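Peer 1: Sharing upload.txt below, compact mmCIF, C-alpha atoms:
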```
# COMPACT_ATOMS: atom_id res chain seq x y z
CA MET I 1 -2.97 37.27 -24.18
CA ARG I 2 -6.53 37.80 -25.44
CA TRP I 3 -7.96 36.50 -22.16
CA TRP I 4 -5.54 38.64 -20.16
CA SER I 5 -6.47 41.74 -22.16
CA LEU I 6 -10.18 41.05 -21.65
CA ALA I 7 -9.64 40.58 -17.91
CA ASN I 8 -7.68 43.81 -17.68
CA PHE I 9 -10.33 45.71 -19.60
CA VAL I 10 -12.98 44.52 -17.13
CA SER I 11 -10.72 45.34 -14.18
CA ASN I 12 -9.82 48.82 -15.48
CA ALA I 13 -13.47 49.62 -16.12
CA GLY I 14 -14.32 48.55 -12.57
CA THR I 15 -11.43 50.52 -11.07
CA TRP I 16 -12.31 53.76 -12.87
CA MET I 17 -15.96 53.29 -12.01
CA GLN I 18 -15.02 53.02 -8.33
CA LEU I 19 -12.62 55.99 -8.47
CA THR I 20 -15.30 58.18 -10.02
CA VAL I 21 -17.87 57.12 -7.45
CA GLN I 22 -15.41 57.41 -4.57
CA ASN I 23 -14.69 61.07 -5.29
CA LEU I 24 -18.42 61.78 -5.31
CA LEU I 25 -18.87 59.77 -2.12
CA VAL I 26 -16.18 61.72 -0.26
CA LEU I 27 -17.78 64.97 -1.36
CA GLN I 28 -21.13 63.66 -0.16
CA ILE I 29 -19.75 62.66 3.25
CA THR I 30 -17.60 65.74 3.92
CA GLY I 31 -18.64 68.41 1.42
CA SER I 32 -14.93 69.21 1.08
CA ALA I 33 -12.83 69.13 -2.09
CA ALA I 34 -9.70 69.04 0.09
CA ALA I 35 -10.92 65.79 1.68
CA THR I 36 -11.35 64.33 -1.80
CA GLY I 37 -7.75 65.13 -2.62
CA LEU I 38 -6.65 63.71 0.73
CA SER I 39 -8.35 60.38 0.05
CA MET I 40 -6.50 60.13 -3.27
CA SER I 41 -3.19 60.97 -1.58
CA VAL I 42 -3.75 58.37 1.14
CA GLN I 43 -4.28 55.70 -1.50
CA ALA I 44 -1.15 56.77 -3.40
CA ALA I 45 1.09 57.26 -0.34
CA PRO I 46 1.98 53.56 0.28
CA ALA I 47 3.63 53.42 -3.14
CA LEU I 48 6.11 56.06 -1.99
CA PHE I 49 7.45 53.91 0.84
CA MET I 50 6.46 50.32 0.02
CA SER I 51 6.95 49.97 -3.75
CA LEU I 52 10.55 48.83 -3.24
CA VAL I 53 9.42 46.05 -0.92
CA GLY I 54 6.55 45.15 -3.24
CA GLY I 55 8.90 44.87 -6.21
CA ALA I 56 11.26 42.63 -4.24
CA ALA I 57 8.30 40.41 -3.29
CA VAL I 58 7.36 40.06 -6.95
CA ASP I 59 10.90 38.93 -7.81
CA ARG I 60 10.93 36.44 -4.93
CA TRP I 61 7.41 34.94 -5.08
CA PRO I 62 5.72 32.94 -7.89
CA ARG I 63 4.35 35.56 -10.24
CA LYS I 64 0.97 33.99 -11.08
CA LEU I 65 0.19 33.23 -7.44
CA THR I 66 1.25 36.74 -6.38
CA ALA I 67 -0.96 38.40 -8.99
CA ALA I 68 -3.96 36.17 -8.21
CA VAL I 69 -3.73 36.76 -4.45
CA SER I 70 -3.28 40.52 -4.83
CA GLN I 71 -6.29 40.73 -7.16
CA ALA I 72 -8.39 38.73 -4.70
CA LEU I 73 -7.34 41.03 -1.84
CA LEU I 74 -8.27 44.13 -3.85
CA GLY I 75 -11.63 42.54 -4.58
CA ALA I 76 -12.14 41.86 -0.88
CA VAL I 77 -11.45 45.52 -0.03
CA ALA I 78 -14.00 46.61 -2.65
CA PHE I 79 -16.64 44.23 -1.24
CA VAL I 80 -16.04 45.44 2.32
CA THR I 81 -16.48 49.03 1.15
CA ALA I 82 -19.68 48.10 -0.70
CA LEU I 83 -21.06 46.46 2.45
CA LEU I 84 -20.27 49.49 4.61
CA VAL I 85 -21.91 51.80 2.07
CA ALA I 86 -25.00 49.58 1.85
CA LEU I 87 -25.32 49.55 5.66
CA ASP I 88 -24.67 53.31 5.83
CA ARG I 89 -21.70 52.69 8.14
CA LEU I 90 -18.94 54.19 6.01
CA ASP I 91 -17.26 57.27 7.48
CA MET I 92 -14.09 59.11 6.50
CA THR I 93 -11.90 57.13 8.90
CA SER I 94 -13.02 53.81 7.45
CA LEU I 95 -12.68 55.12 3.92
CA MET I 96 -9.12 56.34 4.55
CA ILE I 97 -8.12 52.98 6.07
CA LEU I 98 -9.56 51.07 3.13
CA ALA I 99 -7.87 53.45 0.67
CA ALA I 100 -4.52 52.91 2.42
CA VAL I 101 -4.95 49.11 2.31
CA THR I 102 -5.77 49.33 -1.41
CA GLY I 103 -2.63 51.37 -2.02
CA LEU I 104 -0.53 48.91 -0.03
CA VAL I 105 -1.76 45.87 -1.97
CA ALA I 106 -1.29 47.76 -5.23
CA THR I 107 2.47 48.05 -4.57
CA VAL I 108 2.65 44.29 -5.16
CA ASP I 109 -0.20 43.96 -7.63
CA GLY I 110 1.10 46.56 -10.11
CA PRO I 111 4.50 45.01 -10.95
CA ALA I 112 3.16 41.45 -10.63
CA CYS I 113 0.43 42.00 -13.22
CA ALA I 114 2.70 44.01 -15.53
CA LEU I 115 5.37 41.31 -15.62
CA LEU I 116 2.81 38.51 -15.81
CA GLY I 117 1.41 40.08 -18.98
CA ASN I 118 4.93 40.22 -20.43
CA ASP I 119 5.27 36.46 -19.97
CA LEU I 120 2.38 35.83 -22.36
CA VAL I 121 4.21 36.98 -25.52
CA PRO I 122 7.63 36.35 -27.07
CA VAL I 123 10.21 38.94 -26.12
CA GLU I 124 10.21 40.52 -29.60
CA ASP I 125 6.48 41.25 -29.23
CA LEU I 126 6.78 42.89 -25.83
CA PRO I 127 6.37 46.51 -27.08
CA SER I 128 3.20 45.40 -28.87
CA ALA I 129 1.87 43.79 -25.68
CA ILE I 130 2.57 46.98 -23.72
CA GLY I 131 0.77 48.99 -26.42
CA VAL I 132 -2.23 46.68 -26.16
CA GLY I 133 -2.16 47.15 -22.39
CA ALA I 134 -2.19 50.94 -22.79
CA LEU I 135 -5.10 50.66 -25.23
CA VAL I 136 -7.02 48.46 -22.80
CA HIS I 137 -6.29 50.91 -19.96
CA ASN I 138 -7.67 53.89 -21.87
CA ALA I 139 -10.71 51.97 -23.10
CA GLY I 140 -11.41 50.78 -19.57
CA ARG I 141 -11.07 54.32 -18.25
CA LEU I 142 -13.68 55.63 -20.69
CA THR I 143 -16.03 52.73 -20.02
CA GLY I 144 -15.65 52.95 -16.24
CA ALA I 145 -16.36 56.67 -16.12
CA ALA I 146 -19.50 56.12 -18.20
CA LEU I 147 -20.61 53.14 -16.10
CA ALA I 148 -20.24 55.10 -12.85
CA GLY I 149 -23.16 57.42 -13.55
CA VAL I 150 -25.39 54.63 -14.86
CA THR I 151 -24.62 52.28 -11.96
CA VAL I 152 -25.16 54.88 -9.25
CA GLY I 153 -28.31 56.14 -10.93
CA PHE I 154 -29.98 52.72 -11.20
CA LEU I 155 -28.37 50.55 -8.51
CA GLY I 156 -26.73 52.90 -6.00
CA THR I 157 -23.21 53.67 -4.83
CA ALA I 158 -22.67 50.29 -3.16
CA ALA I 159 -23.25 48.53 -6.49
CA ALA I 160 -20.29 50.39 -8.05
CA TYR I 161 -17.95 49.07 -5.36
CA ALA I 162 -19.42 45.57 -5.66
CA GLY I 163 -18.97 45.69 -9.44
CA ASN I 164 -15.31 46.58 -8.99
CA GLY I 165 -14.90 43.69 -6.55
CA LEU I 166 -16.34 41.30 -9.15
CA SER I 167 -13.94 42.66 -11.77
CA PHE I 168 -10.96 41.81 -9.53
CA LEU I 169 -12.30 38.30 -8.95
CA PHE I 170 -12.66 37.85 -12.72
CA VAL I 171 -8.96 38.63 -13.18
CA ALA I 172 -8.00 36.29 -10.33
CA ALA I 173 -10.06 33.52 -11.95
CA VAL I 174 -8.37 33.98 -15.34
CA ILE I 175 -4.77 33.97 -14.03
CA PRO I 176 -4.46 30.20 -13.27
CA PHE I 177 -5.26 29.37 -16.91
CA LEU I 178 -2.60 31.64 -18.42
CA ARG I 179 0.39 29.95 -20.03
CA PRO I 180 3.70 31.66 -20.86
CA ALA I 181 4.47 31.96 -24.57
CA PRO I 182 7.53 30.25 -26.05
CA GLY I 183 10.39 32.71 -25.98
CA ALA I 184 8.69 34.90 -23.39
CA PRO I 185 10.98 37.06 -21.23
CA GLY I 186 9.64 35.29 -18.15
CA ARG I 187 11.80 34.54 -15.19
CA SER I 188 13.99 31.93 -16.82
CA GLU I 189 17.04 34.17 -16.72
CA GLY I 190 16.56 34.98 -13.06
CA ALA I 191 15.70 31.40 -12.16
CA ALA I 192 18.83 30.11 -13.90
CA ARG I 193 20.99 32.67 -12.16
CA LEU I 194 19.58 31.83 -8.74
CA ALA I 195 19.85 28.09 -9.38
CA THR I 196 23.57 28.36 -10.14
CA ALA I 197 24.31 30.82 -7.32
CA PRO I 198 25.74 29.53 -4.02
CA ARG I 199 23.05 29.01 -1.41
CA ARG I 200 24.50 31.70 0.88
CA ASP I 201 24.20 34.28 -1.98
CA ARG I 202 20.63 33.56 -3.01
CA GLY I 203 19.03 35.69 -0.32
CA GLN I 204 21.42 38.55 -1.05
CA ASP I 205 20.55 38.32 -4.75
CA MET I 206 16.92 39.19 -3.95
CA THR I 207 17.48 42.27 -1.78
CA VAL I 208 15.84 45.63 -2.27
CA ARG I 209 19.27 47.28 -2.23
CA GLN I 210 20.31 45.41 -5.36
CA GLY I 211 17.38 46.84 -7.30
CA LEU I 212 18.21 50.35 -6.11
CA ALA I 213 21.87 49.91 -7.02
CA PHE I 214 21.05 48.65 -10.50
CA PHE I 215 18.72 51.59 -11.15
CA ALA I 216 21.19 54.16 -9.83
CA ARG I 217 24.03 52.78 -11.98
CA ARG I 218 21.97 52.61 -15.17
CA PRO I 219 22.23 55.98 -17.01
CA ARG I 220 19.42 55.20 -19.45
CA LEU I 221 16.99 54.46 -16.60
CA LEU I 222 18.03 57.66 -14.83
CA ALA I 223 17.47 59.59 -18.06
CA LEU I 224 14.07 57.94 -18.46
CA ALA I 225 13.17 58.97 -14.90
CA GLY I 226 14.20 62.56 -15.64
CA ILE I 227 12.15 62.70 -18.84
CA THR I 228 9.12 61.25 -17.10
CA GLY I 229 9.55 63.55 -14.11
CA ILE I 230 9.65 66.84 -15.99
CA SER I 231 6.76 65.70 -18.19
CA ALA I 232 4.70 64.74 -15.15
CA VAL I 233 5.34 67.99 -13.27
CA PHE I 234 4.91 70.51 -16.10
CA GLY I 235 2.55 68.56 -18.35
CA ARG I 236 0.10 65.67 -18.38
CA ASN I 237 -2.04 67.09 -15.54
CA TYR I 238 -4.65 68.14 -18.08
CA GLN I 239 -7.57 67.50 -15.77
CA LEU I 240 -6.28 70.61 -13.99
CA THR I 241 -4.75 72.86 -16.66
CA LEU I 242 -7.17 72.22 -19.51
CA ALA I 243 -10.16 72.36 -17.18
CA VAL I 244 -9.18 75.88 -16.11
CA LEU I 245 -8.37 76.90 -19.71
CA VAL I 246 -11.69 75.64 -21.10
CA THR I 247 -13.89 77.04 -18.34
CA GLY I 248 -11.91 80.29 -18.04
CA PRO I 249 -10.29 81.98 -21.06
CA LEU I 250 -12.21 79.88 -23.61
CA ALA I 251 -15.55 80.48 -21.81
CA GLY I 252 -16.66 76.86 -22.06
CA GLY I 253 -18.55 74.73 -19.59
CA ALA I 254 -18.46 71.22 -18.17
CA ALA I 255 -19.74 69.78 -21.46
CA SER I 256 -16.91 71.46 -23.37
CA PHE I 257 -14.31 70.06 -21.01
CA GLY I 258 -15.94 66.64 -21.34
CA THR I 259 -15.40 66.89 -25.09
CA VAL I 260 -11.74 67.79 -24.56
CA SER I 261 -11.34 64.84 -22.16
CA THR I 262 -12.87 62.49 -24.71
CA VAL I 263 -10.46 63.71 -27.41
CA LEU I 264 -7.56 63.19 -25.00
CA ALA I 265 -8.70 59.61 -24.37
CA VAL I 266 -9.14 58.90 -28.08
CA GLY I 267 -5.66 60.29 -28.75
CA GLY I 268 -4.29 58.09 -25.99
CA MET I 269 -5.81 55.00 -27.60
CA LEU I 270 -4.51 55.95 -31.06
CA GLY I 271 -1.06 56.49 -29.56
CA ALA I 272 -1.21 53.10 -27.86
CA VAL I 273 -1.96 51.46 -31.22
CA LEU I 274 0.99 53.25 -32.83
CA GLY I 275 3.22 52.46 -29.86
CA ALA I 276 2.36 48.78 -30.22
CA ARG I 277 4.13 48.83 -33.60
CA LEU I 278 7.47 49.83 -32.08
CA HIS I 279 10.00 47.03 -32.25
CA ARG I 280 13.06 48.58 -30.59
CA PRO I 281 12.04 51.56 -28.45
CA SER I 282 14.84 53.61 -26.91
CA VAL I 283 15.23 56.34 -24.29
CA ARG I 284 16.22 58.74 -27.08
CA LEU I 285 12.91 58.07 -28.86
CA VAL I 286 11.02 58.55 -25.59
CA GLY I 287 12.75 61.90 -25.06
CA MET I 288 12.14 63.14 -28.59
CA LEU I 289 8.44 62.26 -28.41
CA ALA I 290 8.10 63.84 -24.96
CA ALA I 291 9.75 67.04 -26.25
CA ALA I 292 7.39 67.08 -29.23
CA GLY I 293 4.47 66.64 -26.85
CA GLY I 294 5.74 69.60 -24.82
CA LEU I 295 5.84 71.81 -27.90
CA LEU I 296 2.30 70.77 -28.85
CA GLN I 297 1.19 71.54 -25.30
CA ALA I 298 2.64 75.04 -25.57
CA ILE I 299 0.83 75.62 -28.86
CA ALA I 300 -2.41 74.26 -27.37
CA GLY I 301 -2.08 76.78 -24.54
CA LEU I 302 -2.26 79.59 -27.12
CA SER I 303 -5.48 78.27 -28.69
CA PRO I 304 -7.88 81.16 -29.38
CA SER I 305 -10.97 78.93 -29.42
CA LEU I 306 -12.25 75.55 -28.31
CA ALA I 307 -12.17 74.24 -31.90
CA VAL I 308 -8.47 75.05 -32.25
CA LEU I 309 -7.77 73.47 -28.86
CA LEU I 310 -9.47 70.23 -29.94
CA VAL I 311 -7.34 70.17 -33.11
CA MET I 312 -4.14 70.53 -31.04
CA VAL I 313 -5.12 68.20 -28.22
CA LEU I 314 -5.47 65.12 -30.44
CA PRO I 315 -1.89 64.98 -31.82
CA MET I 316 -0.57 66.02 -28.41
CA ALA I 317 -2.28 63.04 -26.78
CA VAL I 318 -1.11 60.69 -29.56
CA VAL I 319 2.55 61.71 -29.28
CA GLU I 320 2.55 61.52 -25.48
CA SER I 321 0.86 58.10 -25.53
CA VAL I 322 3.48 56.71 -27.93
CA SER I 323 6.19 58.17 -25.66
CA ASP I 324 4.64 56.52 -22.60
CA THR I 325 4.36 53.16 -24.38
CA ALA I 326 7.98 53.30 -25.53
CA GLY I 327 9.16 54.30 -22.05
CA THR I 328 7.27 51.42 -20.43
CA ALA I 329 8.80 48.98 -22.92
CA VAL I 330 12.31 50.23 -22.10
CA LEU I 331 11.63 50.06 -18.37
CA GLN I 332 10.34 46.48 -18.49
CA THR I 333 12.97 45.08 -20.85
CA ASP I 334 16.18 46.85 -19.82
CA PRO I 335 16.75 45.12 -16.43
CA PRO I 336 17.65 41.43 -16.28
CA ALA I 337 14.64 39.20 -15.60
CA HIS I 338 15.49 38.54 -11.94
CA LEU I 339 15.60 42.29 -11.19
CA ARG I 340 12.54 43.54 -13.06
CA GLY I 341 10.18 43.46 -10.10
CA ARG I 342 12.54 45.55 -7.98
CA VAL I 343 13.23 48.00 -10.80
CA LEU I 344 9.47 48.45 -11.23
CA GLY I 345 9.30 48.98 -7.47
CA VAL I 346 11.89 51.76 -7.67
CA TRP I 347 9.94 53.25 -10.56
CA GLY I 348 6.73 53.10 -8.51
CA SER I 349 8.32 55.15 -5.74
CA ILE I 350 9.70 57.70 -8.21
CA GLY I 351 6.36 57.94 -10.01
CA THR I 352 4.60 58.56 -6.71
CA VAL I 353 6.93 61.49 -5.99
CA TRP I 354 6.06 62.99 -9.37
CA GLY I 355 2.37 62.26 -8.86
CA LEU I 356 2.23 63.88 -5.41
CA GLY I 357 4.51 66.82 -6.18
CA GLY I 358 3.35 67.64 -9.70
CA PRO I 359 -0.14 69.05 -9.06
CA PRO I 360 0.94 71.47 -6.29
CA ALA I 361 3.87 72.73 -8.38
CA LEU I 362 1.63 73.15 -11.39
CA GLY I 363 -0.96 74.88 -9.25
CA LEU I 364 1.62 77.44 -8.13
CA LEU I 365 2.64 77.98 -11.74
CA MET I 366 -1.00 78.55 -12.67
CA GLU I 367 -1.39 81.03 -9.82
CA TRP I 368 1.57 82.96 -11.21
CA ALA I 369 1.00 82.66 -14.97
CA GLY I 370 -2.61 81.54 -15.43
CA ALA I 371 -3.82 78.49 -17.36
CA ARG I 372 -2.38 79.65 -20.71
CA GLY I 373 0.91 80.64 -19.14
CA ALA I 374 1.20 77.31 -17.30
CA LEU I 375 0.60 75.30 -20.47
CA VAL I 376 3.00 77.38 -22.56
CA THR I 377 5.72 77.67 -19.91
CA GLY I 378 5.44 74.01 -18.94
CA GLY I 379 5.55 72.83 -22.54
CA LEU I 380 8.61 74.94 -23.33
CA LEU I 381 10.38 73.74 -20.17
CA ILE I 382 9.71 70.12 -21.14
CA ALA I 383 10.93 70.57 -24.72
CA GLY I 384 13.90 72.77 -23.75
CA THR I 385 15.17 70.57 -20.94
CA ILE I 386 14.89 67.33 -22.89
CA GLY I 387 16.40 68.94 -26.00
CA ALA I 388 19.36 70.25 -24.01
CA GLY I 389 19.88 66.82 -22.48
CA LEU I 390 19.90 65.14 -25.89
CA LEU I 391 22.39 67.71 -27.26
CA LEU I 392 24.72 67.28 -24.29
CA ARG I 393 24.55 63.52 -24.65
CA ASP I 394 25.38 63.69 -28.36
CA ARG I 395 28.30 66.05 -27.76
CA ARG I 396 29.69 63.82 -25.04
CA ALA I 397 29.34 60.76 -27.24
CA THR I 398 30.97 62.28 -30.34
CA THR I 399 33.68 64.62 -28.96
CA PRO I 400 37.09 63.10 -29.92
CA VAL I 401 39.77 62.79 -27.28
CA THR I 402 43.22 63.98 -28.43
CA LEU I 403 46.24 62.63 -26.57
CA ARG I 404 49.36 64.75 -26.75
CA PRO I 405 52.54 62.74 -27.20
CA GLN I 406 54.83 63.00 -24.23
CA GLU I 407 58.55 62.42 -24.06
CA GLY I 408 59.21 58.73 -23.65
CA ASP I 409 55.92 57.61 -25.24
CA LEU I 410 56.09 54.51 -27.40
CA THR I 411 54.92 55.31 -30.96
CA GLY I 412 54.51 53.38 -34.15
CA ARG I 413 52.93 50.36 -32.49
CA GLU I 414 49.45 49.70 -33.89
CA SER I 415 48.36 47.63 -30.91
CA LEU I 416 49.26 50.29 -28.41
CA SER I 417 47.65 53.01 -30.54
CA THR I 418 44.42 51.05 -30.79
CA ALA I 419 44.37 50.41 -27.06
CA ALA I 420 44.91 54.13 -26.36
```
For the structure just supplied, provide its representation as structure tokens.

Peer 2:
Amino acid sequence: MRWWSLANFVSNAGTWMQLTVQNLLVLQITGSAAATGLSMSVQAAPALFMSLVGGAAVDRWPRKLTAAVSQALLGAVAFVTALLVALDRLDMTSLMILAAVTGLVATVDGPACALLGNDLVPVEDLPSAIGVGALVHNAGRLTGAALAGVTVGFLGTAAAYAGNGLSFLFVAAVIPFLRPAPGAPGRSEGAARLATAPRRDRGQDMTVRQGLAFFARRPRLLALAGITGISAVFGRNYQLTLAVLVTGPLAGGAASFGTVSTVLAVGGMLGAVLGARLHRPSVRLVGMLAAAGGLLQAIAGLSPSLAVLLVMVLPMAVVESVSDTAGTAVLQTDPPAHLRGRVLGVWGSIGTVWGLGGPPALGLLMEWAGARGALVTGGLLIAGTIGAGLLLRDRRATTPVTLRPQEGDLTGRESLSTAA
């Protein structure tokens, strides 16, 4: 697990370094902010349509081999991009094609690497492993953003892409030496089920439709999707809302927003550490934390100064990070082992919908209510909707059902009464 965490830290740092450089590169080539957004959408779009297939592939193929090959392919794409940049042959068409290929490979790589990491710890330690993964992700994000400027300044843009390619190869080189932990969730349950199933049913047991059906019939997963969706649409897009708040009403500059971003990242890492201590996360806990994060967001939107905003942003980031860690643990442990890849594939498609639809919806809200209004309104919508859902669930679970005796009913029989 230590080697896997180190490999993921290196890979995350390389990925965020490339993403930072890629946005600057698109601006350099086109001079258009819209083109920058388009390149990000093109990379995310395959997840909308292909995540279901990618999840099914992860359930069907050997997990270590799948993760190693996908990491090697992502490294190859990064090296090709670096070569085109070095030769000054990269144009927008080539960049869009390479971004689409990256997004396509990621539909397999994401669930494969997530489930491979789960295999490295006993099942009771899975929430801790997910918390460590979130911590590594945030640390890699900070490191990658810092490395981007240094790398481009001293070695050039091509070097950033080449560095990301090397980070993928490092992960691919580590994977063959990983060994599952005793008692790991693994694929033993799924393997046993497939081994005992009739041969004619084995192919049907690995279909995309089965993953969709399981997700649709699982109320707690649907509730988790709803909580994540409303939080993604009306919150979490702080690179947009807080940037406008800091540079507008609070009269700050780029340096001030950088400070806010750093506090958000630190809060995310603290939340990941706290989330790693959860032993039995639940959808109810995820919802309560998300609602609390919404309330803190609304209060942050009313901040009269940058100092007050920084004080509110830290607990907001901590609470939301713990909520995310708990939700990921539920998502990766609730399905049976042989369905987890497909459930993660369904989740990838849903998350892409939120990711693509959230910023435009939030932008319209900001046009109507301003940065403060968007933060306050969005936070109250998150807290109110989740709170109403929890109240309705509790009422439905605790409301007694009274049966009126009808003529001809049999009474006085304990067994019949208990059954009723």

Peer 1: Compare I:Ala160, I:Leu222, I:Val322, I:Val69 by their minimum atom-to-atom distance to Ala146 of chain I, counting only C-alpha atoms, and give me the closest one.

Peer 2: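 Under the stated criterion, the closest residue is I:Ala160.
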
Peer 1: Residues within 10 Å of (-7.7, 48.4, -12.3), file coordinates, counting all atoms listed in the file: what are they? Give the list as JSON, numbers by chain.

Peer 2: {"I": [7, 8, 9, 10, 11, 12, 13, 14, 15, 16, 17, 18, 19, 71, 74, 106, 109, 110, 137, 140, 141, 144, 164, 167, 168, 171]}

Peer 1: Store the residues picked out above in a file with C-alpha atoms, as a PDB file, keeping the file's coordinate frame.

Peer 2:
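See part39.pdb below for the written result:
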```pdb
ATOM      1  CA  ALA I   7      -9.640  40.580 -17.910  1.00  0.00           C
ATOM      2  CA  ASN I   8      -7.680  43.810 -17.680  1.00  0.00           C
ATOM      3  CA  PHE I   9     -10.330  45.710 -19.600  1.00  0.00           C
ATOM      4  CA  VAL I  10     -12.980  44.520 -17.130  1.00  0.00           C
ATOM      5  CA  SER I  11     -10.720  45.340 -14.180  1.00  0.00           C
ATOM      6  CA  ASN I  12      -9.820  48.820 -15.480  1.00  0.00           C
ATOM      7  CA  ALA I  13     -13.470  49.620 -16.120  1.00  0.00           C
ATOM      8  CA  GLY I  14     -14.320  48.550 -12.570  1.00  0.00           C
ATOM      9  CA  THR I  15     -11.430  50.520 -11.070  1.00  0.00           C
ATOM     10  CA  TRP I  16     -12.310  53.760 -12.870  1.00  0.00           C
ATOM     11  CA  MET I  17     -15.960  53.290 -12.010  1.00  0.00           C
ATOM     12  CA  GLN I  18     -15.020  53.020  -8.330  1.00  0.00           C
ATOM     13  CA  LEU I  19     -12.620  55.990  -8.470  1.00  0.00           C
ATOM     14  CA  GLN I  71      -6.290  40.730  -7.160  1.00  0.00           C
ATOM     15  CA  LEU I  74      -8.270  44.130  -3.850  1.00  0.00           C
ATOM     16  CA  ALA I 106      -1.290  47.760  -5.230  1.00  0.00           C
ATOM     17  CA  ASP I 109      -0.200  43.960  -7.630  1.00  0.00           C
ATOM     18  CA  GLY I 110       1.100  46.560 -10.110  1.00  0.00           C
ATOM     19  CA  HIS I 137      -6.290  50.910 -19.960  1.00  0.00           C
ATOM     20  CA  GLY I 140     -11.410  50.780 -19.570  1.00  0.00           C
ATOM     21  CA  ARG I 141     -11.070  54.320 -18.250  1.00  0.00           C
ATOM     22  CA  GLY I 144     -15.650  52.950 -16.240  1.00  0.00           C
ATOM     23  CA  ASN I 164     -15.310  46.580  -8.990  1.00  0.00           C
ATOM     24  CA  SER I 167     -13.940  42.660 -11.770  1.00  0.00           C
ATOM     25  CA  PHE I 168     -10.960  41.810  -9.530  1.00  0.00           C
ATOM     26  CA  VAL I 171      -8.960  38.630 -13.180  1.00  0.00           C
TER      27      VAL I 171
END
```

Peer 1: Which residue gives the smallest distance to Ile130 of chain I among I:Ala290, I:Leu380, I:Ala82, I:Leu116, with only C-alpha atoms counted?

Peer 2: I:Leu116

Peer 1: Which protein, DNA or RNA residues have an atom at most 10 Å from (1.8, 40.6, -8.1), counting only C-alpha atoms? List them as a PyMOL selection string.

Peer 2: chain I and resi 54-55+57-59+61-71+105-116+341

Peer 1: Go through I:Gly373, I:Gly355, I:Pro127, I:Gly389 one by one, measure the shortest atom-to-atom distance of each to Val233 of chain I using all atoms listed in the file, and give the residue with the smallest value.

Peer 2: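 Checking each of I:Gly373, I:Gly355, I:Pro127, I:Gly389 against Val233 of chain I, counting all atoms listed in the file, the winner is I:Gly355.
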
Peer 1: In Å, how far is it from atom CA of Ala276 of chain I to atom CA of Asp334 of chain I?

Peer 2: 17.4 Å

Peer 1: Quick one: of I:Gly271, I:Gly75, I:Gly358, I:Gly133, who's nearest to Arg2 of chain I, counting only C-alpha atoms?

Peer 2: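 Nearest candidate to Arg2 of chain I out of I:Gly271, I:Gly75, I:Gly358, I:Gly133: I:Gly133.
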
Peer 1: With distances taken over only C-alpha atoms, which of I:Leu142, I:Val244, I:Leu356, I:Leu285 is nearest to Met269 of chain I?

Peer 2: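 Smallest distance to Met269 of chain I is found for I:Leu142.
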
Peer 1: Could you jot down the atom CA of Val246 of chain I to atom CA of Leu306 of chain I separation for me, Å, one decimal place?

Peer 2: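 Between atom CA of Val246 of chain I and atom CA of Leu306 of chain I the gap is 7.2 Å.
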
Peer 1: In Å to one decimal, how far is atom CA of Arg179 of chain I from atom CA of Gly103 of chain I?

Peer 2: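 According to the coordinates, atom CA of Gly103 of chain I and atom CA of Arg179 of chain I are separated by 28.1 Å.
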
Peer 1: If we count only C-alpha atoms, what is near Leu52 of chain I at a cut-off of 7 Å, once residues fewer than 4 positions away on the same chain are taken out, given as a list in words?

Peer 2: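 Non-adjacent residues within range: Ala56, Val208, Arg342, Gly345 and Val346 of chain I.
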
Peer 1: Just checking: using only C-alpha atoms, which residue out of I:Gly165, I:Pro180, I:Gly211, I:Gly301 ends up closest to Pro335 of chain I?

Peer 2: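 Once distances to Pro335 of chain I are computed over only C-alpha atoms, the minimum belongs to I:Gly211.
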
Peer 1: Residues at most 12 Å from Glu124 of chain I, counting only C-alpha atoms, excluding those fewer than 4 positions away in the same chain, as a PyMOL selection string?

Peer 2: chain I and resi 118-120+128-130+181-185+276-281+329+333

Peer 1: Could you extract segment 214-219 of chain I of the given structure into a file holding N, CA, C and O atoms, as an mmCIF file, in the first residue's frame?

Peer 2:
```
data_model
loop_
_atom_site.group_PDB
_atom_site.id
_atom_site.type_symbol
_atom_site.label_atom_id
_atom_site.label_comp_id
_atom_site.auth_asym_id
_atom_site.auth_seq_id
_atom_site.Cartn_x
_atom_site.Cartn_y
_atom_site.Cartn_z
ATOM 1 N N PHE I 214 -28.431 -3.263 -11.107
ATOM 2 C CA PHE I 214 -28.092 -3.264 -9.688
ATOM 3 C C PHE I 214 -28.133 -1.853 -9.127
ATOM 4 O O PHE I 214 -28.691 -1.602 -8.051
ATOM 5 N N PHE I 215 -27.548 -0.910 -9.863
ATOM 6 C CA PHE I 215 -27.513 0.482 -9.397
ATOM 7 C C PHE I 215 -28.925 1.042 -9.272
ATOM 8 O O PHE I 215 -29.271 1.686 -8.280
ATOM 9 N N ALA I 216 -29.758 0.795 -10.281
ATOM 10 C CA ALA I 216 -31.107 1.358 -10.293
ATOM 11 C C ALA I 216 -31.984 0.773 -9.193
ATOM 12 O O ALA I 216 -32.927 1.430 -8.731
ATOM 13 N N ARG I 217 -31.701 -0.446 -8.756
ATOM 14 C CA ARG I 217 -32.525 -1.094 -7.736
ATOM 15 C C ARG I 217 -31.966 -0.916 -6.330
ATOM 16 O O ARG I 217 -32.504 -1.479 -5.372
ATOM 17 N N ARG I 218 -30.899 -0.143 -6.200
ATOM 18 C CA ARG I 218 -30.246 0.030 -4.904
ATOM 19 C C ARG I 218 -30.544 1.428 -4.383
ATOM 20 O O ARG I 218 -29.914 2.412 -4.776
ATOM 21 N N PRO I 219 -31.523 1.585 -3.480
ATOM 22 C CA PRO I 219 -31.920 2.931 -3.031
ATOM 23 C C PRO I 219 -30.774 3.737 -2.437
ATOM 24 O O PRO I 219 -30.689 4.947 -2.638
#
```
